[in-house]
$ cat input_8.cif   # mmCIF, C-alpha atoms
data_work
loop_
_atom_site.label_atom_id
_atom_site.label_comp_id
_atom_site.auth_asym_id
_atom_site.auth_seq_id
_atom_site.Cartn_x
_atom_site.Cartn_y
_atom_site.Cartn_z
CA MET R 10 14.43 0.47 -5.19
CA THR R 11 14.88 0.00 -1.41
CA ASP R 12 11.50 1.66 -0.85
CA ASP R 13 10.00 -0.70 -3.45
CA ARG R 14 11.51 -3.68 -1.66
CA ASN R 15 10.25 -2.53 1.74
CA LEU R 16 6.77 -1.91 0.37
CA VAL R 17 6.59 -5.26 -1.44
CA ASP R 18 8.04 -7.18 1.53
CA ALA R 19 5.52 -5.56 3.86
CA ALA R 20 2.63 -6.36 1.49
CA LEU R 21 3.77 -9.97 1.07
CA ALA R 22 4.09 -10.29 4.84
CA ASN R 23 0.50 -8.99 5.00
CA ALA R 24 1.51 -6.16 7.31
CA PRO R 25 -1.57 -4.07 8.25
CA GLY R 26 -2.29 -1.43 5.62
CA ALA R 27 0.73 -2.35 3.45
CA PHE R 28 -1.16 -3.36 0.31
CA ALA R 29 -3.45 -0.33 0.60
CA ARG R 30 -0.30 1.83 0.84
CA LEU R 31 1.06 0.22 -2.33
CA VAL R 32 -2.23 0.92 -4.14
CA ARG R 33 -2.28 4.56 -2.96
CA GLU R 34 1.31 5.03 -4.10
CA TYR R 35 0.65 3.85 -7.66
CA GLN R 36 -3.06 4.51 -8.28
CA GLY R 37 -2.25 7.86 -9.95
CA LEU R 38 0.14 6.26 -12.44
CA CYS R 39 -2.37 3.49 -13.07
CA TRP R 40 -5.17 6.02 -13.69
CA HIS R 41 -3.04 8.08 -16.07
CA ILE R 42 -2.05 5.07 -18.16
CA ILE R 43 -5.51 3.54 -18.40
CA GLN R 44 -7.45 6.78 -18.79
CA ARG R 45 -5.15 7.94 -21.62
CA MET R 46 -5.61 4.59 -23.31
CA VAL R 47 -9.38 4.11 -22.98
CA ARG R 48 -10.70 7.70 -22.48
CA ASN R 49 -13.70 6.60 -20.45
CA PRO R 50 -13.73 7.29 -16.68
CA GLU R 51 -16.18 4.47 -15.89
CA ASP R 52 -14.12 1.90 -17.76
CA THR R 53 -10.93 3.35 -16.28
CA ARG R 54 -12.19 2.90 -12.72
CA GLU R 55 -13.08 -0.71 -13.43
CA LEU R 56 -9.78 -1.40 -15.19
CA CYS R 57 -7.80 0.23 -12.34
CA GLN R 58 -9.49 -2.21 -10.00
CA ASP R 59 -8.66 -5.14 -12.31
CA THR R 60 -5.05 -3.94 -12.46
CA PHE R 61 -4.56 -3.87 -8.70
CA LEU R 62 -6.30 -7.22 -8.29
CA LYS R 63 -3.77 -8.66 -10.76
CA VAL R 64 -0.97 -6.95 -8.83
CA HIS R 65 -2.38 -8.48 -5.63
CA GLN R 66 -2.46 -11.99 -7.13
CA ASN R 67 0.97 -11.78 -8.74
CA LEU R 68 3.01 -9.64 -6.37
CA HIS R 69 5.00 -12.69 -5.22
CA GLN R 70 6.28 -13.00 -8.80
CA TYR R 71 7.81 -9.49 -8.77
CA ARG R 72 11.59 -10.04 -8.83
CA TYR R 73 12.86 -6.45 -8.30
CA GLU R 74 14.41 -6.53 -11.80
CA SER R 75 12.68 -3.26 -12.69
CA ALA R 76 11.25 -0.43 -10.59
CA LEU R 77 7.91 -1.28 -9.00
CA LYS R 78 6.26 1.60 -10.89
CA SER R 79 7.38 0.09 -14.21
CA TRP R 80 6.09 -3.35 -13.17
CA ILE R 81 2.70 -1.99 -12.05
CA GLY R 82 2.60 0.33 -15.07
CA ARG R 83 3.15 -2.70 -17.29
CA VAL R 84 0.20 -4.51 -15.68
CA ALA R 85 -2.02 -1.41 -16.13
CA TYR R 86 -0.90 -0.99 -19.76
CA THR R 87 -1.60 -4.66 -20.54
CA VAL R 88 -5.06 -4.49 -18.93
CA ALA R 89 -5.90 -1.37 -20.98
CA LEU R 90 -4.48 -2.93 -24.14
CA ARG R 91 -6.68 -6.03 -23.78
CA HIS R 92 -9.70 -3.74 -23.27
CA LEU R 93 -8.94 -1.81 -26.48
CA GLU R 94 -8.37 -5.05 -28.39
CA ARG R 95 -11.74 -6.36 -27.23
CA LYS R 96 -13.34 -3.14 -28.44
CA ARG R 97 -11.28 -3.23 -31.66
CA ILE R 98 -9.89 0.25 -31.13
CA ALA R 99 -6.68 1.02 -33.05
CA LEU R 100 -3.67 1.98 -30.92
CA VAL R 101 -2.01 4.18 -33.49
CA ASP R 102 -3.04 6.17 -36.52
CA PRO R 103 -2.10 3.97 -39.51
CA HIS R 104 -1.90 6.98 -41.84
CA ILE R 105 0.99 8.72 -40.14
CA GLY R 106 4.31 7.98 -41.78
CA ASP R 107 7.81 9.24 -42.28
CA ASP R 108 6.96 11.47 -45.21
CA GLU R 109 4.55 13.39 -43.08
CA ASP R 110 7.16 13.92 -40.36
CA PHE R 111 9.43 15.79 -42.68
CA SER R 112 6.72 17.69 -44.53
CA LEU R 113 5.66 19.07 -41.14
CA LEU R 114 9.21 20.17 -40.46
CA ASP R 115 9.24 22.01 -43.77
CA THR R 116 5.93 23.78 -43.27
CA ILE R 117 6.08 24.86 -39.65
CA GLY R 118 7.74 28.21 -39.28
CA ASP R 119 10.36 29.02 -36.65
CA GLY R 120 9.58 32.57 -35.81
CA PHE R 121 5.88 32.82 -35.00
CA ASP R 122 5.10 34.40 -31.66
CA LEU R 123 2.19 32.47 -30.21
CA GLU R 124 2.11 34.56 -27.07
CA ALA R 125 1.37 37.67 -29.08
CA SER R 126 -1.28 36.08 -31.23
CA CYS R 127 -3.70 34.59 -28.74
CA ALA R 128 -4.59 34.07 -25.12
CA ASP R 129 -3.31 31.15 -23.05
CA GLU R 130 -6.82 29.88 -22.53
CA GLU R 131 -7.50 29.67 -26.25
CA MET R 132 -4.24 27.80 -26.85
CA SER R 133 -4.97 25.47 -24.01
CA THR R 134 -8.43 24.66 -25.40
CA HIS R 135 -7.00 23.87 -28.84
CA LEU R 136 -4.25 21.72 -27.37
CA HIS R 137 -6.53 19.72 -25.10
CA ALA R 138 -8.84 19.00 -28.03
CA ALA R 139 -5.85 17.91 -30.12
CA ILE R 140 -4.52 15.67 -27.31
CA ASP R 141 -7.96 14.10 -26.91
CA ALA R 142 -8.03 13.35 -30.63
CA LEU R 143 -4.71 11.47 -30.55
CA PRO R 144 -4.71 7.68 -30.89
CA PRO R 145 -4.34 5.80 -27.55
CA LEU R 146 -0.68 4.78 -27.80
CA PRO R 147 0.98 8.14 -28.59
CA ARG R 148 -1.33 9.86 -26.08
CA THR R 149 -0.24 7.42 -23.37
CA VAL R 150 3.46 7.66 -24.24
CA LEU R 151 3.26 11.47 -24.07
CA THR R 152 1.49 11.34 -20.72
CA LEU R 153 4.01 8.95 -19.21
CA TYR R 154 6.87 11.15 -20.40
CA HIS R 155 5.52 14.61 -19.56
CA LEU R 156 3.05 14.07 -16.71
CA ASP R 157 4.43 11.05 -14.86
CA GLU R 158 8.03 11.95 -15.83
CA LEU R 159 9.04 8.41 -16.72
CA SER R 160 12.26 8.13 -18.71
CA ILE R 161 12.24 6.57 -22.20
CA PRO R 162 13.73 3.26 -20.87
CA GLU R 163 11.01 3.16 -18.17
CA ILE R 164 8.30 3.74 -20.78
CA ALA R 165 9.89 0.92 -22.78
CA GLN R 166 9.43 -1.37 -19.76
CA VAL R 167 5.80 -0.32 -19.34
CA THR R 168 4.79 -0.63 -22.99
CA GLY R 169 7.18 -3.29 -24.22
CA LEU R 170 8.14 -1.03 -27.15
CA ALA R 171 11.73 -0.30 -28.20
CA SER R 172 13.25 2.97 -26.97
CA GLY R 173 13.66 4.19 -30.56
CA THR R 174 9.97 3.62 -31.22
CA ILE R 175 9.00 5.57 -28.11
CA LYS R 176 11.31 8.43 -29.11
CA SER R 177 9.72 8.44 -32.57
CA HIS R 178 6.22 8.52 -31.07
CA LEU R 179 7.20 11.42 -28.80
CA PHE R 180 8.78 13.31 -31.67
CA ARG R 181 5.94 12.82 -34.16
CA THR R 182 3.17 13.54 -31.69
CA ARG R 183 4.72 16.71 -30.25
CA LEU R 184 5.44 17.95 -33.76
CA LYS R 185 1.86 17.19 -34.76
CA LEU R 186 0.53 19.04 -31.70
CA ARG R 187 2.70 22.02 -32.51
CA GLU R 188 1.45 21.97 -36.08
CA THR R 189 -2.17 21.68 -34.92
CA LEU R 190 -1.73 24.58 -32.55
CA GLU R 191 -0.13 26.87 -35.10
CA THR R 192 -2.57 25.86 -37.86
CA ARG R 193 -5.59 26.54 -35.69
CA LEU R 194 -4.18 29.91 -34.74
CA GLY R 195 -3.60 30.85 -38.35
CA VAL R 196 0.15 30.58 -38.62
CA MET R 197 0.50 27.85 -41.18
CA PRO R 198 0.62 28.66 -44.89
CA MET E 251 1.06 -3.41 -33.47
CA ASN E 252 3.41 -0.69 -34.53
CA LYS E 253 3.48 -0.04 -38.26
CA HIS E 254 5.53 3.15 -37.94
CA ARG E 255 9.12 3.34 -39.01
CA ASP E 256 11.39 4.68 -36.30
CA ILE E 257 12.99 8.00 -37.07
CA ASP E 258 16.74 7.95 -37.73
CA PHE E 259 17.77 11.10 -35.90
CA PHE E 260 21.45 10.60 -36.82
CA ASN E 261 20.70 10.88 -40.52
CA SER E 262 18.12 13.63 -40.25
CA PRO E 263 19.63 16.85 -38.88
CA ALA E 264 16.28 18.66 -39.18
CA ALA E 265 14.53 16.02 -37.06
CA ALA E 266 17.41 16.06 -34.56
CA ARG E 267 17.14 19.85 -34.21
CA GLU E 268 13.40 19.63 -33.72
CA TRP E 269 13.86 16.91 -31.07
CA GLN E 270 16.36 19.15 -29.27
CA ALA E 271 13.84 22.00 -29.28
CA GLN E 272 11.13 19.71 -27.89
CA GLU E 273 13.40 18.50 -25.10
CA ALA E 274 14.75 21.99 -24.35
CA ALA E 275 11.20 23.32 -23.98
CA ALA E 276 10.30 20.59 -21.46
CA GLN E 277 13.53 21.20 -19.55
CA ALA E 278 13.03 24.99 -19.55
CA ALA E 279 9.52 24.47 -18.14
CA ARG E 280 10.88 22.21 -15.36
CA ASP E 281 13.61 24.73 -14.55
CA GLY E 282 11.23 27.70 -14.70
CA ARG E 283 13.31 29.37 -17.43
CA ALA E 284 11.91 31.49 -20.25
CA PRO E 285 11.84 29.71 -23.66
CA ALA E 286 14.77 30.57 -25.93
CA ASP E 287 12.71 31.18 -29.08
CA ALA E 288 9.21 30.96 -30.58
CA ARG E 289 9.55 27.27 -31.47
CA GLU E 290 10.51 26.40 -27.92
CA ALA E 291 7.60 28.52 -26.69
CA SER E 292 5.17 26.45 -28.78
CA TYR E 293 6.52 23.23 -27.36
CA ARG E 294 6.30 24.67 -23.89
CA HIS E 295 2.56 25.10 -24.38
CA VAL E 296 2.37 21.47 -25.50
CA HIS E 297 4.27 20.40 -22.37
CA ALA E 298 1.99 22.48 -20.12
CA ALA E 299 -1.17 21.05 -21.72
CA LEU E 300 0.10 17.50 -21.24
CA ARG E 301 0.80 18.14 -17.56
CA ALA E 302 -2.50 19.90 -16.91
CA ASP E 303 -4.86 16.95 -17.16
CA ASP E 304 -3.69 15.20 -14.00
CA ALA E 305 -7.01 14.67 -12.18
CA ILE E 306 -7.47 11.15 -10.83
CA GLY E 307 -11.10 10.01 -10.87
CA LEU E 308 -10.86 7.30 -8.22
CA PRO E 309 -12.78 7.44 -4.93
CA ALA E 310 -10.78 8.71 -1.94
CA ASP E 311 -10.99 5.32 -0.22
CA PHE E 312 -10.23 3.29 -3.38
CA ALA E 313 -7.00 1.80 -1.98
CA GLU E 314 -8.49 0.79 1.38
CA ARG E 315 -11.63 -0.72 -0.16
CA LEU E 316 -9.67 -2.66 -2.76
CA ALA E 317 -7.17 -3.99 -0.19
CA ALA E 318 -10.01 -5.05 2.12
CA SER E 319 -11.94 -6.85 -0.63
CA ALA E 320 -8.83 -8.57 -2.04
CA GLY E 321 -7.86 -10.16 1.29
CA PRO E 322 -4.39 -11.43 2.23
CA VAL E 323 -1.69 -11.06 -0.45
CA PRO E 324 -0.74 -14.54 -1.76
CA THR E 325 2.92 -15.48 -1.30
CA ALA E 326 4.98 -18.03 -3.25
CA ILE E 327 3.80 -20.70 -0.78
CA THR E 328 0.11 -19.78 -0.60
CA ALA E 329 -0.48 -18.74 -4.22
CA PRO E 330 -2.67 -21.22 -6.09
CA GLU E 331 -0.81 -22.94 -8.89
CA THR E 332 -2.20 -21.75 -12.18
CA GLY E 333 -1.04 -21.33 -15.72
CA LEU E 334 -0.56 -23.46 -18.77
CA GLU E 335 3.10 -24.17 -17.98
CA LYS E 336 2.34 -25.82 -14.66
CA GLN E 337 -0.52 -27.87 -16.15
CA LEU E 338 1.74 -29.08 -18.95
CA THR E 339 4.52 -29.95 -16.49
CA ARG E 340 2.10 -32.08 -14.48
CA LEU E 341 0.80 -33.76 -17.62
CA LEU E 342 4.35 -34.53 -18.77
CA LEU E 343 5.32 -35.88 -15.35
CA ALA E 344 2.25 -38.14 -15.28
CA ALA E 345 3.04 -39.42 -18.80
CA LEU E 346 6.64 -40.18 -17.77
CA VAL E 347 5.56 -42.08 -14.66
CA ILE E 348 3.02 -44.14 -16.61
CA ALA E 349 5.54 -44.87 -19.38
CA GLY E 350 8.18 -45.81 -16.78
CA LEU E 351 5.82 -48.16 -14.97
CA ALA E 352 4.69 -49.78 -18.21
CA PHE E 353 8.28 -50.21 -19.34
CA ALA E 354 9.32 -51.66 -15.97
CA MET E 355 6.40 -54.05 -16.05
CA PHE E 356 7.35 -55.45 -19.43
CA GLU E 357 11.14 -55.18 -19.33
CA GLY E 358 12.02 -54.94 -15.62
CA GLY E 359 12.17 -58.71 -15.05
CA SER E 360 14.83 -59.30 -17.67
CA TRP E 361 16.91 -56.29 -16.38
CA PHE E 362 16.85 -57.57 -12.85
CA GLN E 363 17.90 -61.03 -13.93
CA ALA E 364 20.71 -59.60 -16.05
CA ASP E 365 22.35 -57.58 -13.20
CA PRO E 366 20.77 -57.70 -9.72
CA ALA E 367 23.61 -55.51 -8.31
CA ALA E 368 22.43 -52.57 -10.44
CA TRP E 369 19.25 -52.40 -8.32
CA SER E 370 21.16 -51.99 -5.07
CA VAL E 371 21.01 -48.32 -4.03
CA ALA E 372 23.89 -48.54 -1.57
CA GLY E 373 26.16 -50.37 -3.99
CA ASN E 374 25.68 -48.02 -6.96
CA PRO E 375 27.46 -44.61 -6.82
CA TRP E 376 25.40 -43.24 -9.73
CA VAL E 377 22.14 -43.88 -7.88
CA LEU E 378 23.61 -42.20 -4.79
CA ALA E 379 24.70 -39.20 -6.89
CA LEU E 380 21.21 -38.96 -8.42
CA LEU E 381 19.60 -39.06 -4.96
CA ALA E 382 22.02 -36.39 -3.70
CA CYS E 383 21.16 -34.12 -6.65
CA LEU E 384 17.43 -34.58 -6.09
CA GLY E 385 17.86 -33.86 -2.38
CA ALA E 386 19.89 -30.70 -3.02
CA SER E 387 17.38 -29.44 -5.59
CA GLN E 388 14.36 -30.06 -3.34
CA GLY E 389 16.18 -28.58 -0.32
CA ALA E 390 17.08 -25.41 -2.22
CA GLU E 391 13.48 -25.00 -3.42
CA LEU E 392 12.15 -25.48 0.12
CA LEU E 393 14.62 -22.92 1.46
CA ARG E 394 13.69 -20.41 -1.28
CA ARG E 395 9.97 -20.76 -0.51
CA ARG E 396 10.52 -20.32 3.24
CA MET E 397 12.65 -17.21 2.68
CA GLY E 398 10.46 -15.79 -0.09
#
$ encode --input "input_8.cif" --output "structure tokens"
Amino acid sequence: MTDDRNLVDAALANAPGAFARLVREYQGLCWHIIQRMVRNPEDTRELCQDTFLKVHQNLHQYRYESALKSWIGRVAYTVALRHLERKRIALVDPHIGDDEDFSLLDTIGDGFDLEASCADEEMSTHLHAAIDALPPLPRTVLTLYHLDELSIPEIAQVTGLASGTIKSHLFRTRLKLRETLETRLGVMP
Amino acid sequence: MNKHRDIDFFNSPAAAREWQAQEAAAQAARDGRAPADAREASYRHVHAALRADDAIGLPADFAERLAASAGPVPTAITAPETGLEKQLTRLLLAALVIAGLAFAMFEGGSWFQADPAAWSVAGNPWVLALLACLGASQGAELLRRRMG
């Protein structure tokens, strides 16, 4: 938080290179959020630029109430969300429900040895295809949790969702990916 | 936006166990430990796949170019006033001033004749208190802007 304060104070004081340093620090997080939401590198580049221009215009309104990465992440998420709304792209799969959660738990076996059944490369290919096919919101929540290592409360600040909802998204999506993986490799009944 | 029902892990032991396996797999990967069982191994592959796609497709000089094109960072003093709230506040203030002037024009004469002492700033403690409050409020705002 002290680093955040120093960085923001320097940028607001227009110290040479301070705002560029802030952008460099958080451009990776911004890219991950927007790219997982929109899945188009061209659009992502443009939206990353929009995000940091908004950060530039509104940095004086940052009150240090949350970590700077959550605040910038929130701006990036909102920019991506507006883009998806304009394109009328659904954030979540409306067909997934509670019943499916527990039917998956019943059908996935506990003892299958994936390592023995196929090569890492094959598994990786299946998983990347399955991750690509996920709806934007669960894909982004998973990325923030596993790749950017944000905690559930931090993801709640970025997305504005309740912690319980984020936990449910993580649970359902990881279970679905496990099911996809094992089905594709011929484990499922 | 979210039509899903949250999962009640307290009342679903199977879901709670699965969640534990998911979390244990991620933790084992971070610690470099071998997965405890086949289920954890599956989740470890999921974790690895999610961490793999970390390429950032921005130009190397993205930050410098953006900072140069954006110019100086606006502060609380230099930022242009925008937003619906500020516009509405101004509108409301203008309406109050106009209403006050109109009221004073039509009713002010009779008030003044009724009690001329009420118009004396120095002789009225309530007017002095009001001026002190306004002064303190404006002073605090000025101080905040200078420090911020």
$ residues_around --input "input_8.cif" --residues "segment 266-275 of chain E" --least-positions-apart "3" --cutoff "7 Å" --atoms "all atoms listed in the file" --output "JSON, numbers by chain"
{"R": [180], "E": [259, 262, 263, 278, 279, 285, 290, 291, 293, 294]}
$ atom_distance --input "input_8.cif" --atom1 "atom CA of Leu143 of chain R" --atom2 "atom CA of Asp157 of chain R"
18.2 Å
$ closest_residue --input "input_8.cif" --among "R:Ala19, R:Leu146, R:Leu31, R:Ala165" --to "Ala99 of chain R" --atoms "only C-alpha atoms"
R:Leu146
$ atom_distance --input "input_8.cif" --atom1 "atom CA of Pro144 of chain R" --atom2 "atom CA of Ala302 of chain E"
18.7 Å
$ atom_distance --input "input_8.cif" --atom1 "atom CA of Lys336 of chain E" --atom2 "atom CA of Ala386 of chain E"
21.6 Å
$ closest_residue --input "input_8.cif" --among "R:Ala138, R:Leu38, R:Ala29, R:Leu90" --to "chain E" --atoms "only C-alpha atoms"
R:Ala29
$ closest_residue --input "input_8.cif" --among "R:Thr189, R:Thr53, R:Thr11, R:Gln66" --to "Ala142 of chain R" --atoms "only C-alpha atoms"
R:Thr189
$ resolve_selection --input "input_8.cif" --expression "the PyMOL selection byres ((chain E) within 6 of (chain R))" --output "PyMOL selection string"
chain E and resi 256-257+288-289+301+313-314+317+323+325-326
$ closest_residue --input "input_8.cif" --among "R:Arg48, R:Asp12, R:Ser79, R:Arg193" --to "Ile161 of chain R" --atoms "all atoms listed in the file"
R:Ser79
$ residues_around --input "input_8.cif" --residues "Leu56 of chain R" --least-positions-apart "6" --cutoff "9 Å" --atoms "all atoms listed in the file" --output "compact mmCIF listing (two decimals) with C-alpha atoms, keeping the file's coordinate frame"
# COMPACT_ATOMS: atom_id res chain seq x y z
CA TRP R 40 -5.17 6.02 -13.69
CA ILE R 43 -5.51 3.54 -18.40
CA ALA R 85 -2.02 -1.41 -16.13
CA VAL R 88 -5.06 -4.49 -18.93
CA ALA R 89 -5.90 -1.37 -20.98
CA HIS R 92 -9.70 -3.74 -23.27
$ build_atoms --input "input_8.cif" --residues "segment 333-350 of chain E" --atoms "N, CA and C atoms" --output "tab-separated table (two decimals), in the frame of the given file"
chain	number	residue	atom	x	y	z
E	333	GLY	N	-1.84	-21.57	-14.52
E	333	GLY	CA	-1.04	-21.33	-15.72
E	333	GLY	C	-0.82	-22.59	-16.52
E	334	LEU	N	-0.71	-22.36	-17.82
E	334	LEU	CA	-0.56	-23.46	-18.77
E	334	LEU	C	0.72	-24.25	-18.52
E	335	GLU	N	1.80	-23.52	-18.17
E	335	GLU	CA	3.10	-24.17	-17.98
E	335	GLU	C	3.02	-25.24	-16.90
E	336	LYS	N	2.41	-24.87	-15.77
E	336	LYS	CA	2.34	-25.82	-14.66
E	336	LYS	C	1.47	-27.02	-15.02
E	337	GLN	N	0.37	-26.77	-15.74
E	337	GLN	CA	-0.52	-27.87	-16.15
E	337	GLN	C	0.23	-28.82	-17.08
E	338	LEU	N	1.01	-28.24	-18.01
E	338	LEU	CA	1.74	-29.08	-18.95
E	338	LEU	C	2.82	-29.88	-18.23
E	339	THR	N	3.48	-29.25	-17.24
E	339	THR	CA	4.52	-29.95	-16.49
E	339	THR	C	3.92	-31.17	-15.78
E	340	ARG	N	2.75	-30.97	-15.17
E	340	ARG	CA	2.10	-32.08	-14.48
E	340	ARG	C	1.72	-33.20	-15.45
E	341	LEU	N	1.20	-32.79	-16.61
E	341	LEU	CA	0.80	-33.76	-17.62
E	341	LEU	C	2.01	-34.58	-18.08
E	342	LEU	N	3.12	-33.88	-18.31
E	342	LEU	CA	4.35	-34.53	-18.77
E	342	LEU	C	4.87	-35.49	-17.71
E	343	LEU	N	4.84	-35.05	-16.46
E	343	LEU	CA	5.32	-35.88	-15.35
E	343	LEU	C	4.47	-37.15	-15.24
E	344	ALA	N	3.15	-36.98	-15.37
E	344	ALA	CA	2.25	-38.14	-15.28
E	344	ALA	C	2.54	-39.10	-16.43
E	345	ALA	N	2.76	-38.57	-17.63
E	345	ALA	CA	3.04	-39.42	-18.80
E	345	ALA	C	4.34	-40.19	-18.59
E	346	LEU	N	5.35	-39.53	-18.01
E	346	LEU	CA	6.64	-40.18	-17.77
E	346	LEU	C	6.51	-41.32	-16.75
E	347	VAL	N	5.75	-41.05	-15.70
E	347	VAL	CA	5.56	-42.08	-14.66
E	347	VAL	C	4.84	-43.29	-15.24
E	348	ILE	N	3.79	-43.03	-16.02
E	348	ILE	CA	3.02	-44.14	-16.61
E	348	ILE	C	3.90	-44.93	-17.58
E	349	ALA	N	4.67	-44.20	-18.41
E	349	ALA	CA	5.54	-44.87	-19.38
E	349	ALA	C	6.61	-45.69	-18.64
E	350	GLY	N	7.15	-45.11	-17.57
E	350	GLY	CA	8.18	-45.81	-16.78
E	350	GLY	C	7.63	-47.08	-16.16
